[in-house]
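**Q** Mind looking over this structure? Questions follow.
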Amino acid sequence: MTTDWTPAALSRDIPAASAAPGQLGETDLAIWRSASGRIAAWSDRCPHRGMRLSHGFVRGERLSCIYHGWGYGEGGQCVRIPAHPELTPPEAIKVPVFAAAEASGVVWVADGTPAGAPPEFPGFEGFRSLRIHAPATVLARAFGGAGHVIEGTLGPCAVVALIQPLPGNVSALHLLAPEGAGPATLDALSLAAEALRRTAEAQAEQAEEETA
Amino acid sequence: MSDQGAMRDHWYPVGMTKQLTAGGRDTLLMGEPIRVYLDNGAPAVSDGTGRSLPVIDRFGHVWTSLGAPNRDLFTIPEADQPGRRLVDVGVCRVRCSPLRAVENFLDIAHFPFVHTDILGSEPHTEVQRYEVEIREDVDEVWATKVKFYQPQAAKSAEGGITTDYMYRVCAPTCSVLYKTCPPKPGEWDVIALFVQPLTETLCEVWPWMALYDDAAEMTDLIHFQQMIFVQDRSVLENQLPALLPLDPGMEIPTRADMTSIAYRRWLKRHGFTYGAQLVAA
Amino acid sequence: MATELFSIAGQVDAPGFAPWIERHARRIGVGVTLLQAASDHVEIEVEGPPALLDAMEMGCLLGPIEVWVESIVRERVCAAGA
């Protein structure tokens with residue numbers, strides 16, 4: 001299965017009126033949700049003086065930089081420069097924007113205009129994201145699969161594993177669990193995910209030693 | 001080793017005099033290991049090869065240089081005025097360029113957002129026009145007639161006031177600010193930021209103050225300033241790129257950034273580029 | 001909106017300076033016309049809201065690394081509401 005979309009976060013980890021850091025390939029992202037619930041993925045850098053926008057604050061439908069309060073609205077358009085309140089910021093001042101969409105409790109991002117909507121996994125919902133110090137291929141193999149979207153079993157239940165390659169031989173594992181799974185199942189799934197992390201990281205370390 | 005360039009021949013703070021011991025403090029100066037210690041009761045500094053480095057003991061701190069400074073360390077005349085309390089705030093390690101730490105110290109527009117309800121508050125966010133110059137006679141950057149509304153300008157301030165500021169950059173990694181002194185109208189409180197460049201992207205910041213506040217406990221004064229700096233640190237460690245750009249082609253400086261621009265021009269003119277990047281990126 | 005003449009003096013003869021000025025003007029949303037370029041000064045006409053003309057001055061004062069801007073003298077050309 002292939003898609004232009006990259007899984008970058010779980011919807012549940014970005015509640016309304018909050019921002020968090022994310023990644024698309026080498027690009028640092030600020031993934032944020034407006035008060036009304038709209039998700040967006042922007043370059044994680046305020047055009048003013050380079051502060052990470054993922055540290056910013058959300059009011060209403062705007063994301064503002066925590067450093068000098070420059071506010072940005074739809075499409076990354078700058079709408080407010082507090083030091084110069086009389087100025088209507090020009091259209092030119094914009095944060096680069098990436099495509100962002102949600103499906104099955106996952107925030108998907110893409111550069112440009114992806115073909116179609118991100119994949120749905122009926123019966124599954126976002127459960128946990130883990131950052132793992134192993135390349136995506138090693139992580140996929142440790143899970144017993146290949147590629148970046150793997151449907152299989154982990155611990156007590158069926159899961160969908162979305163693997164996001166990150167710079168520096170690091171991966172994110174976005175794990176989807178069956179909808180309505182009980183606390184005992186999810187606790188066991190968490191333990192299995194931690195075990196998978198340890199296995200993948202040990203295998204990555206071993207592979208590195210062999211090449212060294 | 002990164003290029004220390006013209007900054008090598010300048011003075012840098014490397015420790016608090018009061019904290020020195022015979023055993024000493026192992027630290028870094030511009031990427032090179034140094035030891036700061038007491039030698040027969042006097043501050044001394046040696047580099048990784050055991051070579052003795054020049055030492056000045058001033059403003060409660062020990063200063064040294066890897067090179068050959070051709071002038072004395074700057075002075076702060078107010079430090080000698082009777083009645084002032086001299087406060088060594090301590091050290092705060094920050095994962096940022098030493099130049100970014102200074103630039104942030106020169107900035108007022110961030111007060112309402114980073115030091116919310118202390119040094120600034122919305123809706124009082126406007127930065128009024130102020131004056132900036134490079135004073136050729138002393139080779140320092142000065143910003144004057146800076147005004148900003150502050151809910152709690154100092155430990156000694158009760159309620160909001162419009163605070164007057166002056167800023168002075170007197171060395172590549174040192175700045176002194178003068179601000180309205182609530183208990184003593186007509187006088188200025190003095191707050192200095194002495195920055196020790198450990199590497200191009202790591203520094204230790206030693207704030208120092210000379211205040212007329214005679215009511216507050218010393219520990220409260222120290223805690224107030226430390227709290228302010230911890231708030232600044234969360235910004236400083238998250239600015240991109242890590243090095244201070246001397247080309248603003250990827251940024252949008254406005255009139256409120258006038259002191260920042262003057263500081264960067266002064267760095268550029270002198271080739272003070274340790275912790276800077278020459279091109280926009 | 002206002003239009004101002006910027007006389008930029010200094011070591012400004014690097015060939016990269018004019019495109020740098022145009023790029024910066026585009027990024028901050030002001031109009032710019034290059035009027036004259038000599039080895040020791042560049043003259044540009046800048047059009048935009050006053051706060052952005054100030055911002056343009058800030059950017060040009062620092063400029064790219066291969067130029068040294070000594071001073072910028074600004075002169076109001078017109079302040080017509082555009």
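Simple scheme: letters A, B, ... for chains in structure tokens order, numbers from 1 for residues in each chain, numbers from 1 for ligands in the order shown.
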Within 10 Å of segment 72-78 of chain C, counting only C-alpha atoms, which residues show up once you throw out same-chain ones fewer than 5 positions away? Write them as a list in words, please.

**A** Met1, Ala2, Thr3, Glu4, Leu5, Phe6, Ser7, Ile8, Ala9, Gly10, His41, Val42, Glu43, Ile44, Glu45, Val46, Glu47, Leu53, Asp54, Glu57, Met58, Cys60 and Leu61 of chain C

**Q** Produce a file of the selected residues containing N, CA and C atoms, as a PDB file, in the first residue's frame.

**A**
ATOM      1  N   MET C   1      -0.440  53.941   2.834  1.00  0.00           N
ATOM      2  CA  MET C   1       0.682  53.676   1.919  1.00  0.00           C
ATOM      3  C   MET C   1       1.519  54.944   1.745  1.00  0.00           C
ATOM      4  N   ALA C   2       2.804  54.727   1.554  1.00  0.00           N
ATOM      5  CA  ALA C   2       3.699  55.858   1.313  1.00  0.00           C
ATOM      6  C   ALA C   2       4.800  55.406   0.366  1.00  0.00           C
ATOM      7  N   THR C   3       5.380  56.365  -0.299  1.00  0.00           N
ATOM      8  CA  THR C   3       6.514  56.064  -1.164  1.00  0.00           C
ATOM      9  C   THR C   3       7.716  56.849  -0.671  1.00  0.00           C
ATOM     10  N   GLU C   4       8.824  56.175  -0.515  1.00  0.00           N
ATOM     11  CA  GLU C   4      10.028  56.848  -0.031  1.00  0.00           C
ATOM     12  C   GLU C   4      11.229  56.487  -0.898  1.00  0.00           C
ATOM     13  N   LEU C   5      12.143  57.440  -0.925  1.00  0.00           N
ATOM     14  CA  LEU C   5      13.417  57.217  -1.596  1.00  0.00           C
ATOM     15  C   LEU C   5      14.427  56.800  -0.528  1.00  0.00           C
ATOM     16  N   PHE C   6      15.067  55.656  -0.700  1.00  0.00           N
ATOM     17  CA  PHE C   6      16.117  55.210   0.225  1.00  0.00           C
ATOM     18  C   PHE C   6      17.470  55.425  -0.448  1.00  0.00           C
ATOM     19  N   SER C   7      18.322  56.226   0.162  1.00  0.00           N
ATOM     20  CA  SER C   7      19.706  56.334  -0.325  1.00  0.00           C
ATOM     21  C   SER C   7      20.580  55.490   0.588  1.00  0.00           C
ATOM     22  N   ILE C   8      21.045  54.388   0.052  1.00  0.00           N
ATOM     23  CA  ILE C   8      21.803  53.416   0.838  1.00  0.00           C
ATOM     24  C   ILE C   8      23.283  53.612   0.545  1.00  0.00           C
ATOM     25  N   ALA C   9      24.039  54.056   1.552  1.00  0.00           N
ATOM     26  CA  ALA C   9      25.457  54.346   1.336  1.00  0.00           C
ATOM     27  C   ALA C   9      26.317  53.319   2.052  1.00  0.00           C
ATOM     28  N   GLY C  10      27.488  53.052   1.486  1.00  0.00           N
ATOM     29  CA  GLY C  10      28.421  52.115   2.093  1.00  0.00           C
ATOM     30  C   GLY C  10      29.157  51.345   1.022  1.00  0.00           C
ATOM     31  N   HIS C  41      26.987  53.779  -3.366  1.00  0.00           N
ATOM     32  CA  HIS C  41      25.616  53.958  -2.912  1.00  0.00           C
ATOM     33  C   HIS C  41      24.604  53.378  -3.891  1.00  0.00           C
ATOM     34  N   VAL C  42      23.453  53.048  -3.327  1.00  0.00           N
ATOM     35  CA  VAL C  42      22.358  52.483  -4.107  1.00  0.00           C
ATOM     36  C   VAL C  42      21.117  53.300  -3.762  1.00  0.00           C
ATOM     37  N   GLU C  43      20.342  53.644  -4.781  1.00  0.00           N
ATOM     38  CA  GLU C  43      19.104  54.363  -4.517  1.00  0.00           C
ATOM     39  C   GLU C  43      17.921  53.518  -4.919  1.00  0.00           C
ATOM     40  N   ILE C  44      16.982  53.376  -4.015  1.00  0.00           N
ATOM     41  CA  ILE C  44      15.781  52.612  -4.342  1.00  0.00           C
ATOM     42  C   ILE C  44      14.546  53.408  -3.944  1.00  0.00           C
ATOM     43  N   GLU C  45      13.451  53.136  -4.651  1.00  0.00           N
ATOM     44  CA  GLU C  45      12.169  53.708  -4.255  1.00  0.00           C
ATOM     45  C   GLU C  45      11.353  52.577  -3.649  1.00  0.00           C
ATOM     46  N   VAL C  46      10.808  52.839  -2.477  1.00  0.00           N
ATOM     47  CA  VAL C  46      10.095  51.786  -1.755  1.00  0.00           C
ATOM     48  C   VAL C  46       8.672  52.250  -1.487  1.00  0.00           C
ATOM     49  N   GLU C  47       7.713  51.373  -1.724  1.00  0.00           N
ATOM     50  CA  GLU C  47       6.316  51.742  -1.541  1.00  0.00           C
ATOM     51  C   GLU C  47       5.626  50.724  -0.643  1.00  0.00           C
ATOM     52  N   LEU C  53       7.930  50.120   5.532  1.00  0.00           N
ATOM     53  CA  LEU C  53       9.091  50.869   5.045  1.00  0.00           C
ATOM     54  C   LEU C  53      10.182  50.830   6.112  1.00  0.00           C
ATOM     55  N   ASP C  54       9.767  50.958   7.372  1.00  0.00           N
ATOM     56  CA  ASP C  54      10.741  50.819   8.469  1.00  0.00           C
ATOM     57  C   ASP C  54      11.388  49.430   8.436  1.00  0.00           C
ATOM     58  N   GLU C  57      13.941  49.193   5.829  1.00  0.00           N
ATOM     59  CA  GLU C  57      15.181  49.852   6.254  1.00  0.00           C
ATOM     60  C   GLU C  57      15.984  48.923   7.171  1.00  0.00           C
ATOM     61  N   MET C  58      15.309  48.277   8.109  1.00  0.00           N
ATOM     62  CA  MET C  58      15.995  47.361   9.031  1.00  0.00           C
ATOM     63  C   MET C  58      16.721  46.256   8.260  1.00  0.00           C
ATOM     64  N   CYS C  60      17.661  46.155   5.087  1.00  0.00           N
ATOM     65  CA  CYS C  60      18.756  46.643   4.230  1.00  0.00           C
ATOM     66  C   CYS C  60      19.951  47.113   5.052  1.00  0.00           C
ATOM     67  N   LEU C  61      19.705  47.645   6.253  1.00  0.00           N
ATOM     68  CA  LEU C  61      20.816  48.106   7.090  1.00  0.00           C
ATOM     69  C   LEU C  61      21.783  46.969   7.385  1.00  0.00           C
TER      70      LEU C  61
END

**Q** Could you list, as a list in words, every residue of chain C that has an atom within 7 Å of an atom of chain A, counting only C-alpha atoms?

**A** Arg26, Arg27, Ile28, Gly29 and Ala51 of chain C

**Q** Using only C-alpha atoms, what does the table of chain A residues within 12 Å of chain B look like, with each row giving the shortest atom pair and its distance in Å to one decimal, sorted by chain and ascending number, as JSON lines?

**A**
{"residue": "A:Pro21", "atom": "CA", "partner": "B:Asn238", "partner_atom": "CA", "distance": 11.2}
{"residue": "A:Asp28", "atom": "CA", "partner": "B:Leu240", "partner_atom": "CA", "distance": 10.3}
{"residue": "A:Ser43", "atom": "CA", "partner": "B:Leu240", "partner_atom": "CA", "distance": 11.3}
{"residue": "A:Asp44", "atom": "CA", "partner": "B:Leu240", "partner_atom": "CA", "distance": 9.0}
{"residue": "A:Arg45", "atom": "CA", "partner": "B:Leu240", "partner_atom": "CA", "distance": 6.9}
{"residue": "A:Cys46", "atom": "CA", "partner": "B:Glu251", "partner_atom": "CA", "distance": 8.4}
{"residue": "A:Pro47", "atom": "CA", "partner": "B:Glu251", "partner_atom": "CA", "distance": 5.4}
{"residue": "A:His48", "atom": "CA", "partner": "B:Ile252", "partner_atom": "CA", "distance": 4.5}
{"residue": "A:Arg49", "atom": "CA", "partner": "B:Glu251", "partner_atom": "CA", "distance": 5.5}
{"residue": "A:Gly50", "atom": "CA", "partner": "B:Leu240", "partner_atom": "CA", "distance": 4.8}
{"residue": "A:Met51", "atom": "CA", "partner": "B:Gln239", "partner_atom": "CA", "distance": 4.3}
{"residue": "A:Arg52", "atom": "CA", "partner": "B:Asn238", "partner_atom": "CA", "distance": 5.8}
{"residue": "A:Leu53", "atom": "CA", "partner": "B:Asn238", "partner_atom": "CA", "distance": 9.3}
{"residue": "A:Ser54", "atom": "CA", "partner": "B:Asn238", "partner_atom": "CA", "distance": 9.6}
{"residue": "A:His55", "atom": "CA", "partner": "B:Asn238", "partner_atom": "CA", "distance": 8.3}
{"residue": "A:Gly56", "atom": "CA", "partner": "B:Phe113", "partner_atom": "CA", "distance": 9.7}
{"residue": "A:Phe57", "atom": "CA", "partner": "B:Phe113", "partner_atom": "CA", "distance": 9.7}
{"residue": "A:Ser64", "atom": "CA", "partner": "B:Phe113", "partner_atom": "CA", "distance": 9.8}
{"residue": "A:Cys65", "atom": "CA", "partner": "B:Phe113", "partner_atom": "CA", "distance": 8.6}
{"residue": "A:Ile66", "atom": "CA", "partner": "B:Phe113", "partner_atom": "CA", "distance": 5.9}
{"residue": "A:Tyr67", "atom": "CA", "partner": "B:His110", "partner_atom": "CA", "distance": 5.4}
{"residue": "A:His68", "atom": "CA", "partner": "B:His110", "partner_atom": "CA", "distance": 4.6}
{"residue": "A:Gly69", "atom": "CA", "partner": "B:Phe113", "partner_atom": "CA", "distance": 6.2}
{"residue": "A:Trp70", "atom": "CA", "partner": "B:Phe113", "partner_atom": "CA", "distance": 10.0}
{"residue": "A:Gly71", "atom": "CA", "partner": "B:Phe113", "partner_atom": "CA", "distance": 11.8}
{"residue": "A:Cys78", "atom": "CA", "partner": "B:Ile252", "partner_atom": "CA", "distance": 11.7}
{"residue": "A:Arg80", "atom": "CA", "partner": "B:Thr125", "partner_atom": "CA", "distance": 11.2}
{"residue": "A:Ile81", "atom": "CA", "partner": "B:Glu126", "partner_atom": "CA", "distance": 9.0}
{"residue": "A:Pro82", "atom": "CA", "partner": "B:Thr125", "partner_atom": "CA", "distance": 5.4}
{"residue": "A:Ala83", "atom": "CA", "partner": "B:Glu126", "partner_atom": "CA", "distance": 4.2}
{"residue": "A:His84", "atom": "CA", "partner": "B:Glu126", "partner_atom": "CA", "distance": 5.6}
{"residue": "A:Pro85", "atom": "CA", "partner": "B:Glu126", "partner_atom": "CA", "distance": 6.3}
{"residue": "A:Glu86", "atom": "CA", "partner": "B:Glu126", "partner_atom": "CA", "distance": 8.9}
{"residue": "A:Leu87", "atom": "CA", "partner": "B:Glu126", "partner_atom": "CA", "distance": 10.8}
{"residue": "A:Pro89", "atom": "CA", "partner": "B:Ile252", "partner_atom": "CA", "distance": 11.6}
{"residue": "A:Ala92", "atom": "CA", "partner": "B:Ile252", "partner_atom": "CA", "distance": 11.0}
{"residue": "A:Ile93", "atom": "CA", "partner": "B:Ile252", "partner_atom": "CA", "distance": 8.6}
{"residue": "A:Lys94", "atom": "CA", "partner": "B:Ile252", "partner_atom": "CA", "distance": 10.8}
{"residue": "A:Val95", "atom": "CA", "partner": "B:Glu251", "partner_atom": "CA", "distance": 11.4}

**Q** Quick one: residues within 9 Å of Ser39 of chain C, only C-alpha atoms, excluding same-chain residues fewer than 5 positions away - as a PyMOL selection string?

**A** chain C and resi 10-14

**Q** Which one is closest to chain C: B:Arg8, B:Arg168, B:Lys155, B:Arg129? Count only C-alpha atoms.

**A**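 Of B:Arg8, B:Arg168, B:Lys155, B:Arg129, the one nearest chain C is B:Arg129, counting only C-alpha atoms.
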
**Q** With a distance threshold of 7 Å and counting only C-alpha atoms, extract the residues of chain C near chain B and express them as a PyMOL selection string.

**A** chain C and resi 24+28+54-55+58-59+62-65

**Q** Can you pull out the residues contacting segment 18-25 of chain B? Cut-off 10 Å, using only C-alpha atoms, and skip same-chain residues under 4 positions away; I want them as a PDB file with C-alpha atoms, in the first residue's frame.

**A**
ATOM      1  CA  VAL B  14      34.228  32.350  33.214  1.00  0.00           C
ATOM      2  CA  ILE B  34      40.046  25.946  30.663  1.00  0.00           C
ATOM      3  CA  ARG B  35      40.308  25.758  34.451  1.00  0.00           C
ATOM      4  CA  VAL B  36      39.299  28.655  36.694  1.00  0.00           C
ATOM      5  CA  TYR B  37      40.731  28.404  40.208  1.00  0.00           C
ATOM      6  CA  LEU B  38      42.173  30.186  43.223  1.00  0.00           C
ATOM      7  CA  ASP B  39      45.929  30.455  43.273  1.00  0.00           C
ATOM      8  CA  ASN B  40      47.144  31.698  46.676  1.00  0.00           C
ATOM      9  CA  GLY B  41      43.800  33.377  47.155  1.00  0.00           C
ATOM     10  CA  ALA B  42      43.770  35.113  43.754  1.00  0.00           C
ATOM     11  CA  PRO B  43      41.676  34.104  40.739  1.00  0.00           C
ATOM     12  CA  ALA B  44      43.646  32.322  38.019  1.00  0.00           C
ATOM     13  CA  VAL B  45      42.800  30.696  34.704  1.00  0.00           C
ATOM     14  CA  GLY B  60      31.875  39.744  40.993  1.00  0.00           C
ATOM     15  CA  HIS B  61      33.114  37.620  38.117  1.00  0.00           C
ATOM     16  CA  VAL B  62      36.395  36.305  36.784  1.00  0.00           C
ATOM     17  CA  ASP B  88      25.591  37.986  41.512  1.00  0.00           C
ATOM     18  CA  GLY B  90      24.472  32.840  39.372  1.00  0.00           C
TER      19      GLY B  90
END

**Q** Enumerate, as number ranges by chain, the complete set of residues in segment 119-179 of chain A that a backbone-based DSSP assignment places in strand (DSSP E).

**A** A: 124-132, 149-154, 157-166, 170-178

**Q** So that I have them on file, write out the residues from the current selection with C-alpha atoms, as an mmCIF file, in the first residue's frame.

**A**
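As a result, part.cif now contains:
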data_model
loop_
_atom_site.group_PDB
_atom_site.id
_atom_site.type_symbol
_atom_site.label_atom_id
_atom_site.label_comp_id
_atom_site.auth_asym_id
_atom_site.auth_seq_id
_atom_site.Cartn_x
_atom_site.Cartn_y
_atom_site.Cartn_z
ATOM 1 C CA PHE A 124 -9.279 1.017 14.203
ATOM 2 C CA GLU A 125 -8.419 4.208 16.060
ATOM 3 C CA GLY A 126 -5.210 5.983 17.027
ATOM 4 C CA PHE A 127 -3.690 4.555 20.199
ATOM 5 C CA ARG A 128 -0.074 5.613 20.776
ATOM 6 C CA SER A 129 2.892 7.193 19.015
ATOM 7 C CA LEU A 130 6.385 6.044 19.930
ATOM 8 C CA ARG A 131 9.695 7.495 18.861
ATOM 9 C CA ILE A 132 12.106 4.668 18.171
ATOM 10 C CA VAL A 149 1.777 0.574 6.683
ATOM 11 C CA ILE A 150 1.548 -2.840 8.311
ATOM 12 C CA GLU A 151 -1.587 -4.601 9.440
ATOM 13 C CA GLY A 152 -0.857 -7.410 11.863
ATOM 14 C CA THR A 153 -0.981 -8.522 15.456
ATOM 15 C CA LEU A 154 0.912 -7.006 18.359
ATOM 16 C CA CYS A 157 -4.810 -7.703 19.502
ATOM 17 C CA ALA A 158 -4.878 -6.823 15.843
ATOM 18 C CA VAL A 159 -3.206 -3.472 15.099
ATOM 19 C CA VAL A 160 -2.285 -1.156 12.268
ATOM 20 C CA ALA A 161 1.317 -0.004 12.531
ATOM 21 C CA LEU A 162 2.149 3.209 10.669
ATOM 22 C CA ILE A 163 5.868 3.694 10.418
ATOM 23 C CA GLN A 164 7.225 7.165 9.783
ATOM 24 C CA PRO A 165 10.903 7.400 8.839
ATOM 25 C CA LEU A 166 12.606 10.326 10.590
ATOM 26 C CA VAL A 170 14.990 7.288 13.822
ATOM 27 C CA SER A 171 11.364 6.272 13.244
ATOM 28 C CA ALA A 172 8.009 7.094 14.672
ATOM 29 C CA LEU A 173 5.584 4.252 15.222
ATOM 30 C CA HIS A 174 1.963 5.383 15.158
ATOM 31 C CA LEU A 175 -0.072 2.504 16.479
ATOM 32 C CA LEU A 176 -3.780 2.007 15.806
ATOM 33 C CA ALA A 177 -5.789 -0.281 18.086
ATOM 34 C CA PRO A 178 -9.206 -1.880 17.575
#

**Q** By how many Å are atom CA of Ser18 of chain A and atom CA of Arg33 of chain A apart?

**A**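 Interatomic distance, atom CA of Ser18 of chain A to atom CA of Arg33 of chain A: 5.7 Å.
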